[in-house]
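**Student:** One file: data.txt (compact mmCIF, N, CA and C atoms).
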# COMPACT_ATOMS: atom_id res chain seq x y z
N MET A 21 29.04 -87.65 -47.54
CA MET A 21 30.31 -86.94 -47.51
C MET A 21 30.09 -85.44 -47.62
N ARG A 22 29.16 -85.01 -48.44
CA ARG A 22 28.86 -83.59 -48.63
C ARG A 22 28.42 -82.95 -47.32
N LEU A 23 27.63 -83.67 -46.52
CA LEU A 23 27.14 -83.14 -45.24
C LEU A 23 28.32 -82.82 -44.33
N ARG A 24 29.30 -83.69 -44.28
CA ARG A 24 30.48 -83.46 -43.44
C ARG A 24 31.20 -82.19 -43.88
N LYS A 25 31.38 -82.03 -45.18
CA LYS A 25 32.05 -80.85 -45.71
C LYS A 25 31.27 -79.59 -45.35
N HIS A 26 29.95 -79.63 -45.46
CA HIS A 26 29.11 -78.49 -45.12
C HIS A 26 29.22 -78.17 -43.63
N ASN A 27 29.23 -79.19 -42.77
CA ASN A 27 29.37 -78.96 -41.33
C ASN A 27 30.73 -78.35 -41.00
N ASP A 28 31.78 -78.78 -41.70
CA ASP A 28 33.10 -78.19 -41.51
C ASP A 28 33.08 -76.71 -41.85
N LEU A 29 32.41 -76.36 -42.93
CA LEU A 29 32.28 -74.96 -43.33
C LEU A 29 31.55 -74.17 -42.26
N GLU A 30 30.47 -74.71 -41.75
CA GLU A 30 29.73 -74.01 -40.68
C GLU A 30 30.61 -73.79 -39.47
N ASP A 31 31.43 -74.78 -39.12
CA ASP A 31 32.36 -74.63 -37.99
C ASP A 31 33.35 -73.50 -38.27
N ARG A 32 33.87 -73.43 -39.50
CA ARG A 32 34.82 -72.36 -39.85
C ARG A 32 34.14 -71.00 -39.82
N LEU A 33 32.88 -70.94 -40.27
CA LEU A 33 32.15 -69.66 -40.26
C LEU A 33 31.93 -69.17 -38.84
N ARG A 34 31.68 -70.07 -37.91
CA ARG A 34 31.47 -69.68 -36.51
C ARG A 34 32.71 -69.03 -35.90
N GLU A 35 33.87 -69.33 -36.47
CA GLU A 35 35.14 -68.77 -35.97
C GLU A 35 35.36 -67.33 -36.44
N ILE A 36 34.57 -66.88 -37.40
CA ILE A 36 34.74 -65.53 -37.94
C ILE A 36 34.06 -64.52 -37.00
N ARG A 37 34.84 -63.60 -36.49
CA ARG A 37 34.36 -62.60 -35.52
C ARG A 37 33.12 -61.87 -35.99
N ALA A 38 33.07 -61.54 -37.28
CA ALA A 38 31.94 -60.77 -37.81
C ALA A 38 30.63 -61.55 -37.73
N LEU A 39 30.70 -62.86 -37.55
CA LEU A 39 29.50 -63.69 -37.51
C LEU A 39 29.18 -64.21 -36.11
N ARG A 40 29.86 -63.68 -35.10
CA ARG A 40 29.72 -64.22 -33.74
C ARG A 40 28.31 -64.11 -33.17
N HIS A 41 27.50 -63.20 -33.68
CA HIS A 41 26.14 -63.04 -33.16
C HIS A 41 25.11 -63.85 -33.95
N CYS A 42 25.57 -64.61 -34.93
CA CYS A 42 24.65 -65.41 -35.74
C CYS A 42 24.35 -66.74 -35.06
N ASP A 43 23.10 -67.14 -35.15
CA ASP A 43 22.73 -68.44 -34.57
C ASP A 43 23.00 -69.55 -35.59
N LYS A 44 22.72 -70.77 -35.19
CA LYS A 44 23.01 -71.95 -36.01
C LYS A 44 22.31 -71.90 -37.37
N LYS A 45 21.06 -71.49 -37.37
CA LYS A 45 20.27 -71.41 -38.60
C LYS A 45 20.87 -70.36 -39.56
N GLU A 46 21.28 -69.23 -39.02
CA GLU A 46 21.86 -68.16 -39.84
C GLU A 46 23.21 -68.59 -40.42
N ILE A 47 24.01 -69.27 -39.59
CA ILE A 47 25.30 -69.78 -40.07
C ILE A 47 25.08 -70.78 -41.21
N ALA A 48 24.09 -71.65 -41.06
CA ALA A 48 23.79 -72.63 -42.11
C ALA A 48 23.37 -71.92 -43.41
N ALA A 49 22.59 -70.85 -43.29
CA ALA A 49 22.16 -70.09 -44.47
C ALA A 49 23.36 -69.42 -45.14
N ILE A 50 24.26 -68.88 -44.36
CA ILE A 50 25.46 -68.24 -44.91
C ILE A 50 26.33 -69.29 -45.60
N ALA A 51 26.45 -70.45 -44.98
CA ALA A 51 27.27 -71.53 -45.55
C ALA A 51 26.78 -71.93 -46.94
N ARG A 52 25.49 -71.81 -47.18
CA ARG A 52 24.94 -72.18 -48.48
C ARG A 52 25.31 -71.19 -49.60
N ILE A 53 25.69 -69.97 -49.24
CA ILE A 53 25.95 -68.98 -50.30
C ILE A 53 27.42 -68.62 -50.49
N VAL A 54 28.30 -69.02 -49.57
CA VAL A 54 29.71 -68.62 -49.70
C VAL A 54 30.53 -69.70 -50.39
N GLU A 55 31.62 -69.24 -50.97
CA GLU A 55 32.59 -70.17 -51.54
C GLU A 55 33.96 -69.84 -50.96
N GLU A 56 34.73 -70.87 -50.74
CA GLU A 56 36.06 -70.69 -50.18
C GLU A 56 37.00 -70.18 -51.27
N ARG A 57 37.86 -69.25 -50.87
CA ARG A 57 38.85 -68.71 -51.81
C ARG A 57 40.15 -68.50 -51.04
N THR A 58 41.25 -68.89 -51.63
CA THR A 58 42.56 -68.60 -51.05
C THR A 58 43.28 -67.65 -51.99
N VAL A 59 44.02 -66.73 -51.40
CA VAL A 59 44.77 -65.75 -52.19
C VAL A 59 46.20 -65.68 -51.67
N GLU A 60 47.09 -65.27 -52.53
CA GLU A 60 48.50 -65.14 -52.17
C GLU A 60 48.82 -63.71 -51.77
N GLU A 61 49.90 -63.56 -51.05
CA GLU A 61 50.38 -62.23 -50.68
C GLU A 61 50.55 -61.38 -51.94
N GLY A 62 50.07 -60.13 -51.87
CA GLY A 62 50.19 -59.20 -53.00
C GLY A 62 48.99 -59.20 -53.94
N GLU A 63 48.11 -60.17 -53.79
CA GLU A 63 46.93 -60.23 -54.67
C GLU A 63 45.95 -59.11 -54.34
N VAL A 64 45.41 -58.47 -55.37
CA VAL A 64 44.42 -57.41 -55.20
C VAL A 64 43.04 -58.06 -55.09
N LEU A 65 42.36 -57.79 -53.98
CA LEU A 65 41.04 -58.37 -53.73
C LEU A 65 39.93 -57.47 -54.25
N THR A 66 40.08 -56.18 -54.07
CA THR A 66 39.13 -55.21 -54.62
C THR A 66 39.95 -54.03 -55.16
N ARG A 67 39.40 -53.37 -56.14
CA ARG A 67 40.08 -52.22 -56.73
C ARG A 67 39.18 -50.99 -56.63
N GLU A 68 39.73 -49.93 -56.11
CA GLU A 68 38.99 -48.67 -55.96
C GLU A 68 38.34 -48.28 -57.29
N GLY A 69 37.05 -47.94 -57.23
CA GLY A 69 36.32 -47.52 -58.41
C GLY A 69 35.60 -48.63 -59.15
N ASP A 70 35.97 -49.89 -58.89
CA ASP A 70 35.29 -51.02 -59.54
C ASP A 70 33.90 -51.21 -58.94
N GLN A 71 33.00 -51.76 -59.74
CA GLN A 71 31.67 -52.11 -59.25
C GLN A 71 31.81 -53.21 -58.19
N ALA A 72 31.10 -53.06 -57.08
CA ALA A 72 31.15 -54.05 -56.00
C ALA A 72 30.26 -55.23 -56.35
N ARG A 73 30.86 -56.42 -56.38
CA ARG A 73 30.11 -57.62 -56.73
C ARG A 73 30.17 -58.70 -55.68
N GLU A 74 31.06 -58.56 -54.69
CA GLU A 74 31.24 -59.61 -53.69
C GLU A 74 31.52 -59.01 -52.31
N ILE A 75 31.18 -59.81 -51.29
CA ILE A 75 31.62 -59.49 -49.93
C ILE A 75 32.60 -60.57 -49.51
N PHE A 76 33.45 -60.23 -48.56
CA PHE A 76 34.52 -61.12 -48.13
C PHE A 76 34.48 -61.29 -46.61
N LEU A 77 34.61 -62.53 -46.17
CA LEU A 77 34.76 -62.87 -44.76
C LEU A 77 36.17 -63.44 -44.62
N VAL A 78 36.99 -62.83 -43.78
CA VAL A 78 38.39 -63.26 -43.64
C VAL A 78 38.49 -64.35 -42.57
N ARG A 79 38.90 -65.54 -43.01
CA ARG A 79 39.16 -66.61 -42.04
C ARG A 79 40.57 -66.48 -41.49
N THR A 80 41.55 -66.35 -42.37
CA THR A 80 42.94 -66.17 -41.94
C THR A 80 43.62 -65.18 -42.87
N GLY A 81 44.61 -64.49 -42.34
CA GLY A 81 45.41 -63.58 -43.15
C GLY A 81 45.14 -62.12 -42.85
N HIS A 82 45.90 -61.28 -43.56
CA HIS A 82 45.83 -59.83 -43.35
C HIS A 82 45.87 -59.12 -44.70
N ALA A 83 45.25 -57.95 -44.75
CA ALA A 83 45.26 -57.14 -45.97
C ALA A 83 45.33 -55.67 -45.60
N SER A 84 45.76 -54.87 -46.55
CA SER A 84 45.80 -53.42 -46.38
C SER A 84 44.77 -52.78 -47.30
N VAL A 85 44.22 -51.66 -46.84
CA VAL A 85 43.21 -50.93 -47.61
C VAL A 85 43.80 -49.59 -48.00
N TYR A 86 43.70 -49.27 -49.29
CA TYR A 86 44.24 -48.02 -49.82
C TYR A 86 43.13 -47.22 -50.49
N ARG A 87 43.19 -45.91 -50.32
CA ARG A 87 42.31 -45.00 -51.05
C ARG A 87 43.21 -43.94 -51.66
N GLU A 88 43.07 -43.78 -52.96
CA GLU A 88 43.90 -42.85 -53.73
C GLU A 88 45.38 -43.07 -53.44
N GLY A 89 45.75 -44.36 -53.32
CA GLY A 89 47.15 -44.73 -53.12
C GLY A 89 47.65 -44.61 -51.70
N GLN A 90 46.84 -44.08 -50.78
CA GLN A 90 47.25 -43.90 -49.39
C GLN A 90 46.68 -45.02 -48.51
N LEU A 91 47.51 -45.56 -47.64
CA LEU A 91 47.05 -46.59 -46.71
C LEU A 91 46.04 -45.97 -45.74
N ILE A 92 44.85 -46.57 -45.67
CA ILE A 92 43.82 -46.03 -44.77
C ILE A 92 43.35 -47.04 -43.73
N GLY A 93 43.78 -48.30 -43.86
CA GLY A 93 43.34 -49.27 -42.88
C GLY A 93 43.90 -50.65 -43.14
N ARG A 94 43.62 -51.53 -42.18
CA ARG A 94 44.06 -52.92 -42.29
C ARG A 94 42.88 -53.83 -41.98
N ILE A 95 42.90 -54.98 -42.60
CA ILE A 95 41.87 -56.00 -42.39
C ILE A 95 42.57 -57.25 -41.91
N THR A 96 41.97 -57.94 -40.94
CA THR A 96 42.60 -59.12 -40.37
C THR A 96 41.59 -60.24 -40.12
N ASP A 97 42.09 -61.33 -39.55
CA ASP A 97 41.27 -62.51 -39.26
C ASP A 97 39.94 -62.12 -38.62
N GLY A 98 38.88 -62.77 -39.08
CA GLY A 98 37.58 -62.60 -38.47
C GLY A 98 36.79 -61.41 -38.94
N GLN A 99 37.34 -60.62 -39.84
CA GLN A 99 36.63 -59.42 -40.28
C GLN A 99 35.88 -59.65 -41.59
N LEU A 100 34.86 -58.85 -41.77
CA LEU A 100 34.04 -58.81 -42.97
C LEU A 100 34.42 -57.52 -43.69
N PHE A 101 34.53 -57.58 -45.03
CA PHE A 101 34.73 -56.33 -45.76
C PHE A 101 34.06 -56.41 -47.12
N GLY A 102 33.79 -55.24 -47.67
CA GLY A 102 33.17 -55.14 -48.98
C GLY A 102 31.65 -55.07 -48.95
N GLU A 103 31.08 -55.23 -47.76
CA GLU A 103 29.61 -55.29 -47.67
C GLU A 103 28.94 -53.95 -47.91
N MET A 104 29.59 -52.85 -47.53
CA MET A 104 28.93 -51.54 -47.69
C MET A 104 28.67 -51.23 -49.16
N ALA A 105 29.68 -51.40 -49.99
CA ALA A 105 29.51 -51.12 -51.42
C ALA A 105 28.55 -52.11 -52.06
N VAL A 106 28.58 -53.36 -51.61
CA VAL A 106 27.67 -54.37 -52.16
C VAL A 106 26.24 -54.04 -51.80
N LEU A 107 25.99 -53.70 -50.54
CA LEU A 107 24.63 -53.38 -50.11
C LEU A 107 24.10 -52.12 -50.81
N ALA A 108 25.00 -51.19 -51.10
CA ALA A 108 24.60 -49.95 -51.77
C ALA A 108 24.58 -50.10 -53.29
N ALA A 109 24.96 -51.28 -53.78
CA ALA A 109 25.07 -51.52 -55.23
C ALA A 109 25.96 -50.45 -55.86
N GLY A 110 27.05 -50.15 -55.15
CA GLY A 110 27.92 -49.07 -55.59
C GLY A 110 29.30 -49.54 -56.03
N ARG A 111 30.19 -48.59 -56.06
CA ARG A 111 31.57 -48.85 -56.47
C ARG A 111 32.46 -48.96 -55.23
N ARG A 112 33.56 -49.66 -55.40
CA ARG A 112 34.51 -49.82 -54.29
C ARG A 112 35.15 -48.48 -53.96
N ARG A 113 35.24 -48.19 -52.67
CA ARG A 113 35.84 -46.93 -52.23
C ARG A 113 37.31 -47.10 -51.90
N GLY A 114 37.81 -48.33 -51.98
CA GLY A 114 39.21 -48.56 -51.69
C GLY A 114 39.72 -49.80 -52.39
N THR A 115 41.04 -49.89 -52.47
CA THR A 115 41.71 -51.06 -53.00
C THR A 115 42.21 -51.89 -51.83
N VAL A 116 41.93 -53.18 -51.85
CA VAL A 116 42.35 -54.08 -50.78
C VAL A 116 43.38 -55.04 -51.36
N VAL A 117 44.56 -55.09 -50.71
CA VAL A 117 45.66 -55.94 -51.17
C VAL A 117 46.07 -56.88 -50.05
N ALA A 118 46.18 -58.16 -50.35
CA ALA A 118 46.59 -59.17 -49.36
C ALA A 118 48.03 -58.91 -48.93
N ASP A 119 48.25 -58.81 -47.61
CA ASP A 119 49.59 -58.65 -47.05
C ASP A 119 50.22 -60.00 -46.73
N SER A 120 49.41 -61.05 -46.78
CA SER A 120 49.85 -62.41 -46.48
C SER A 120 48.94 -63.36 -47.25
N PRO A 121 49.28 -64.63 -47.30
CA PRO A 121 48.30 -65.57 -47.84
C PRO A 121 47.03 -65.46 -47.01
N MET A 122 45.87 -65.58 -47.67
CA MET A 122 44.60 -65.42 -46.97
C MET A 122 43.64 -66.54 -47.34
N GLU A 123 42.82 -66.92 -46.37
CA GLU A 123 41.70 -67.83 -46.60
C GLU A 123 40.44 -67.01 -46.39
N LEU A 124 39.59 -66.98 -47.41
CA LEU A 124 38.40 -66.15 -47.40
C LEU A 124 37.16 -66.99 -47.67
N GLU A 125 36.03 -66.49 -47.21
CA GLU A 125 34.73 -66.98 -47.64
C GLU A 125 34.12 -65.81 -48.41
N VAL A 126 33.64 -66.07 -49.62
CA VAL A 126 33.19 -65.00 -50.51
C VAL A 126 31.75 -65.28 -50.94
N ALA A 127 30.94 -64.22 -50.96
CA ALA A 127 29.56 -64.34 -51.46
C ALA A 127 29.31 -63.24 -52.47
N SER A 128 28.57 -63.58 -53.50
CA SER A 128 28.24 -62.58 -54.52
C SER A 128 27.13 -61.66 -54.01
N ARG A 129 27.00 -60.52 -54.63
CA ARG A 129 25.95 -59.56 -54.27
C ARG A 129 24.58 -60.20 -54.42
N MET A 130 24.36 -60.90 -55.52
CA MET A 130 23.07 -61.52 -55.77
C MET A 130 22.71 -62.54 -54.68
N GLN A 131 23.69 -63.35 -54.29
CA GLN A 131 23.46 -64.35 -53.24
C GLN A 131 23.16 -63.67 -51.91
N LEU A 132 23.92 -62.62 -51.60
CA LEU A 132 23.71 -61.92 -50.33
C LEU A 132 22.34 -61.27 -50.28
N VAL A 133 21.96 -60.57 -51.33
CA VAL A 133 20.66 -59.90 -51.36
C VAL A 133 19.53 -60.92 -51.21
N SER A 134 19.65 -62.03 -51.90
CA SER A 134 18.64 -63.09 -51.81
C SER A 134 18.53 -63.61 -50.38
N LEU A 135 19.68 -63.84 -49.75
CA LEU A 135 19.68 -64.32 -48.36
C LEU A 135 19.05 -63.30 -47.43
N LEU A 136 19.41 -62.03 -47.58
CA LEU A 136 18.91 -61.00 -46.69
C LEU A 136 17.41 -60.78 -46.85
N GLU A 137 16.90 -60.98 -48.06
CA GLU A 137 15.45 -60.88 -48.27
C GLU A 137 14.70 -61.97 -47.50
N GLN A 138 15.34 -63.12 -47.32
CA GLN A 138 14.72 -64.25 -46.64
C GLN A 138 14.98 -64.26 -45.14
N ALA A 139 15.96 -63.49 -44.68
CA ALA A 139 16.37 -63.55 -43.27
C ALA A 139 16.47 -62.15 -42.67
N PRO A 140 15.35 -61.55 -42.29
CA PRO A 140 15.38 -60.17 -41.77
C PRO A 140 16.24 -60.01 -40.51
N VAL A 141 16.33 -61.03 -39.67
CA VAL A 141 17.15 -60.92 -38.47
C VAL A 141 18.62 -60.81 -38.86
N LEU A 142 19.03 -61.58 -39.85
CA LEU A 142 20.40 -61.51 -40.34
C LEU A 142 20.67 -60.14 -40.97
N THR A 143 19.70 -59.61 -41.67
CA THR A 143 19.82 -58.27 -42.25
C THR A 143 20.11 -57.25 -41.15
N LEU A 144 19.35 -57.32 -40.07
CA LEU A 144 19.54 -56.41 -38.95
C LEU A 144 20.95 -56.56 -38.36
N LYS A 145 21.42 -57.78 -38.21
CA LYS A 145 22.76 -58.01 -37.64
C LYS A 145 23.85 -57.42 -38.53
N ILE A 146 23.70 -57.57 -39.83
CA ILE A 146 24.69 -57.00 -40.74
C ILE A 146 24.64 -55.48 -40.70
N LEU A 147 23.45 -54.91 -40.66
CA LEU A 147 23.34 -53.45 -40.55
C LEU A 147 23.94 -52.94 -39.25
N GLN A 148 23.77 -53.67 -38.18
CA GLN A 148 24.37 -53.28 -36.90
C GLN A 148 25.89 -53.31 -36.98
N ALA A 149 26.43 -54.33 -37.65
CA ALA A 149 27.89 -54.42 -37.80
C ALA A 149 28.42 -53.27 -38.65
N VAL A 150 27.71 -52.96 -39.74
CA VAL A 150 28.11 -51.84 -40.60
C VAL A 150 28.04 -50.53 -39.83
N SER A 151 26.98 -50.34 -39.09
CA SER A 151 26.80 -49.12 -38.30
C SER A 151 27.91 -48.97 -37.27
N ALA A 152 28.25 -50.05 -36.59
CA ALA A 152 29.32 -50.00 -35.59
C ALA A 152 30.65 -49.62 -36.24
N ARG A 153 30.91 -50.18 -37.42
CA ARG A 153 32.15 -49.85 -38.11
C ARG A 153 32.17 -48.40 -38.55
N LEU A 154 31.05 -47.88 -39.01
CA LEU A 154 30.98 -46.46 -39.39
C LEU A 154 31.18 -45.55 -38.18
N GLN A 155 30.58 -45.92 -37.05
CA GLN A 155 30.75 -45.12 -35.83
C GLN A 155 32.21 -45.11 -35.40
N ALA A 156 32.87 -46.26 -35.45
CA ALA A 156 34.28 -46.33 -35.08
C ALA A 156 35.14 -45.49 -36.01
N SER A 157 34.80 -45.51 -37.30
CA SER A 157 35.53 -44.73 -38.29
C SER A 157 35.37 -43.23 -38.04
N GLU A 158 34.15 -42.83 -37.72
CA GLU A 158 33.89 -41.41 -37.42
C GLU A 158 34.62 -40.98 -36.15
N ALA A 159 34.63 -41.83 -35.14
CA ALA A 159 35.33 -41.51 -33.90
C ALA A 159 36.83 -41.36 -34.16
N GLU A 160 37.39 -42.24 -34.97
CA GLU A 160 38.81 -42.15 -35.30
C GLU A 160 39.11 -40.89 -36.09
N ARG A 161 38.25 -40.56 -37.04
CA ARG A 161 38.42 -39.33 -37.83
C ARG A 161 38.37 -38.10 -36.92
N TRP A 162 37.42 -38.08 -35.99
CA TRP A 162 37.27 -36.99 -35.04
C TRP A 162 38.55 -36.82 -34.21
N THR A 163 39.08 -37.96 -33.72
CA THR A 163 40.31 -37.93 -32.93
C THR A 163 41.48 -37.38 -33.74
N GLN A 164 41.61 -37.82 -34.99
CA GLN A 164 42.69 -37.34 -35.85
C GLN A 164 42.58 -35.85 -36.13
N LEU A 165 41.37 -35.37 -36.32
CA LEU A 165 41.17 -33.94 -36.55
C LEU A 165 41.59 -33.13 -35.33
N HIS A 166 41.25 -33.61 -34.15
CA HIS A 166 41.62 -32.88 -32.93
C HIS A 166 43.10 -32.95 -32.65
N LYS A 167 43.76 -34.04 -33.03
CA LYS A 167 45.22 -34.13 -32.87
C LYS A 167 45.88 -33.13 -33.80
N ALA A 168 45.34 -32.98 -35.01
CA ALA A 168 45.90 -32.04 -35.99
C ALA A 168 45.75 -30.61 -35.52
N ASP A 169 44.66 -30.32 -34.78
CA ASP A 169 44.41 -28.97 -34.27
C ASP A 169 45.30 -28.62 -33.08
N ALA A 170 45.77 -29.65 -32.38
CA ALA A 170 46.54 -29.43 -31.15
C ALA A 170 47.95 -28.99 -31.42
The structure in this file should be written as structure tokens.

**Tutor:**
Amino acid sequence: MRLRKHNDLEDRLREIRALRHCDKKEIAAIARIVEERTVEEGEVLTREGDQAREIFLVRTGHASVYREGQLIGRITDGQLFGEMAVLAAGRRRGTVVADSPMELEVASRMQLVSLLEQAPVLTLKILQAVSARLQASEAERWTQLHKADA
């Protein structure tokens, strides 16, 4: 029975956009370290300034990201969040609040670091995803600055 449950989890993980480049072996490794979590609308998932201890993979639902009380972004189905602060062993740079009920897969920092030490290809894929997100953020910031100048 446990095998069936594990296979169901792997199927759900494959549906997450942030994991689309992972192969079967990598998905199986991720499945071993995540736990399912459901949250209600209005629940705070991370708080700005808190020590980062977990990463989140969004299966369903939406959330808003705030920095210093200002809305700075939205998170939706298939996205990964919280990994930058976890990888840096740092503090959260924003508060994330569920805008709807959400289904998440959550991994602790210790579990993630252990997995990444054993799976260098997965490490590279996560770094590529983080890099792409940073590039998109910089491009958006650049566009906003130029709109303000116009």

**Student:** Identify, on the basis of all atoms listed in the file, every residue whose closest approach to Leu107 (chain A) does not exceed 8 Å; exclude the query and any residue fewer than 6 positions from it along the same chain; express the result as a VMD selection string.

**Tutor:** chain A and resid 72 74 129 133

**Student:** Using the chain letters and numbers from this document, which residues of region 94-125 of chain A does DSSP assign to alpha helix (DSSP H), as a ChimeraX atom specification?

**Tutor:** /A:103-107

**Student:** Generate the output file for the selected residues, N, CA and C atoms, as a PDB file, keeping the file's coordinate frame.

**Tutor:**
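The resulting file, result.pdb, is reproduced below:
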ATOM      1  N   GLU A 103      31.080 -55.230 -47.760  1.00  0.00           N
ATOM      2  CA  GLU A 103      29.610 -55.290 -47.670  1.00  0.00           C
ATOM      3  C   GLU A 103      28.940 -53.950 -47.910  1.00  0.00           C
ATOM      4  N   MET A 104      29.590 -52.850 -47.530  1.00  0.00           N
ATOM      5  CA  MET A 104      28.930 -51.540 -47.690  1.00  0.00           C
ATOM      6  C   MET A 104      28.670 -51.230 -49.160  1.00  0.00           C
ATOM      7  N   ALA A 105      29.680 -51.400 -49.990  1.00  0.00           N
ATOM      8  CA  ALA A 105      29.510 -51.120 -51.420  1.00  0.00           C
ATOM      9  C   ALA A 105      28.550 -52.110 -52.060  1.00  0.00           C
ATOM     10  N   VAL A 106      28.580 -53.360 -51.610  1.00  0.00           N
ATOM     11  CA  VAL A 106      27.670 -54.370 -52.160  1.00  0.00           C
ATOM     12  C   VAL A 106      26.240 -54.040 -51.800  1.00  0.00           C
ATOM     13  N   LEU A 107      25.990 -53.700 -50.540  1.00  0.00           N
ATOM     14  CA  LEU A 107      24.630 -53.380 -50.110  1.00  0.00           C
ATOM     15  C   LEU A 107      24.100 -52.120 -50.810  1.00  0.00           C
TER      16      LEU A 107
END

**Student:** Which residue, A:Val54, A:Ala48, A:Val64, A:Cys42, has the smallest gap to Met122 (chain A) when you use only C-alpha atoms?

**Tutor:**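 Closest to Met122 (chain A) of all the choices is A:Val64.
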
**Student:** Please measure the separation of atom N of Glu60 (chain A) and atom C of Glu123 (chain A), giving the value in Å to one decimal.

**Tutor:**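 According to the coordinates, atom N of Glu60 (chain A) and atom C of Glu123 (chain A) are separated by 9.2 Å.
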
**Student:** Measuring atom to atom with only N, CA and C atoms, identify which of A:Val116, A:Val126, A:Ala109, A:Ala38 is nearest to Ala83 (chain A).

**Tutor:**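 Smallest separation from Ala83 (chain A) among the options: A:Val116.
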
**Student:** Give the answer as one residue: which of A:Arg94, A:Arg37, A:His82, A:Arg67 has the shortest atom-to-atom distance to Arg111 (chain A), using only C-alpha atoms?

**Tutor:** A:Arg67

**Student:** Pick from A:Ser157, A:Pro140, A:Arg112, A:Ser151: nearest to Gly93 (chain A), with only C-alpha atoms counted?

**Tutor:**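 Counting only C-alpha atoms, the residue closest to Gly93 (chain A) is A:Ser157.
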
**Student:** Quick one, how far is atom C of Gln90 (chain A) from CA of Arg113 (chain A)?

**Tutor:**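 It comes out at 11.6 Å.
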
**Student:** With 3 Å added on each side, what axis-aligned box encloses every listed atom of region 51-58 of chain A? Give the centre and edge lengths in Å to one decimal, as AutoDock Vina command-line options.

**Tutor:**
--center_x 34.1 --center_y -69.9 --center_z -48.5 --size_x 24.3 --size_y 10.5 --size_z 13.0

**Student:** Skip region 147-150 of chain A itself and residues of its chain fewer than 5 positions away, then list as a ChimeraX atom specification all residues within 8 Å of it, counting all atoms listed in the file.

**Tutor:** /A:38,103-104,141-142,155-156

**Student:** For N, CA and C atoms, I'd like the residues from the last selection saved as a PDB file, in the frame of the given file.

**Tutor:**
ATOM      1  N   ALA A  38      33.070 -61.540 -37.280  1.00  0.00           N
ATOM      2  CA  ALA A  38      31.940 -60.770 -37.810  1.00  0.00           C
ATOM      3  C   ALA A  38      30.630 -61.550 -37.730  1.00  0.00           C
ATOM      4  N   GLU A 103      31.080 -55.230 -47.760  1.00  0.00           N
ATOM      5  CA  GLU A 103      29.610 -55.290 -47.670  1.00  0.00           C
ATOM      6  C   GLU A 103      28.940 -53.950 -47.910  1.00  0.00           C
ATOM      7  N   MET A 104      29.590 -52.850 -47.530  1.00  0.00           N
ATOM      8  CA  MET A 104      28.930 -51.540 -47.690  1.00  0.00           C
ATOM      9  C   MET A 104      28.670 -51.230 -49.160  1.00  0.00           C
ATOM     10  N   VAL A 141      16.330 -61.030 -39.670  1.00  0.00           N
ATOM     11  CA  VAL A 141      17.150 -60.920 -38.470  1.00  0.00           C
ATOM     12  C   VAL A 141      18.620 -60.810 -38.860  1.00  0.00           C
ATOM     13  N   LEU A 142      19.030 -61.580 -39.850  1.00  0.00           N
ATOM     14  CA  LEU A 142      20.400 -61.510 -40.340  1.00  0.00           C
ATOM     15  C   LEU A 142      20.670 -60.140 -40.970  1.00  0.00           C
ATOM     16  N   GLN A 155      30.580 -45.920 -37.050  1.00  0.00           N
ATOM     17  CA  GLN A 155      30.750 -45.120 -35.830  1.00  0.00           C
ATOM     18  C   GLN A 155      32.210 -45.110 -35.400  1.00  0.00           C
ATOM     19  N   ALA A 156      32.870 -46.260 -35.450  1.00  0.00           N
ATOM     20  CA  ALA A 156      34.280 -46.330 -35.080  1.00  0.00           C
ATOM     21  C   ALA A 156      35.140 -45.490 -36.010  1.00  0.00           C
TER      22      ALA A 156
END

**Student:** Can you pull out the residues contacting Phe76 (chain A)? Cut-off 6 Å, using only N, CA and C atoms, and skip same-chain residues under 5 positions away; I want them as a ChimeraX atom specification.

**Tutor:** /A:99-103,125-127

**Student:** Identify which of the residues A:Ile146, A:Thr115, A:Asp43, A:Ala152 lies closest to Gly69 (chain A), counting only N, CA and C atoms when measuring atom-to-atom distances.

**Tutor:**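 The shortest atom-to-atom distance to Gly69 (chain A) comes from A:Thr115.
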
**Student:** Pick out the closest residue to Gly114 (chain A) from this set: A:Glu56, A:Glu46, A:Glu68, A:Glu30. Count only N, CA and C atoms.

**Tutor:** A:Glu68

**Student:** So which residues touch Ser120 (chain A) within 8 Å, counting all atoms listed in the file, skipping near sequence neighbours fewer than 6 positions away, as a list in words?

**Tutor:**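 Answer for this query is Val59, Glu60, Glu61, Gly62, Glu63, Thr80, Gly81, His82, Ala83 and Ser84 of chain A.
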
**Student:** Quick one, how far is CA of Gln131 (chain A) from CA of Arg73 (chain A)?

**Tutor:**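 Separating CA of Gln131 (chain A) from CA of Arg73 (chain A) is a distance of 10.1 Å.
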
**Student:** Among region 54-163 of chain A, which ones does DSSP place in strand (DSSP E or B), written as a PyMOL selection string?

**Tutor:** chain A and resi 55-59+64-66+71+74-80+83-87+90-95+100-101+111+115-118+122-128
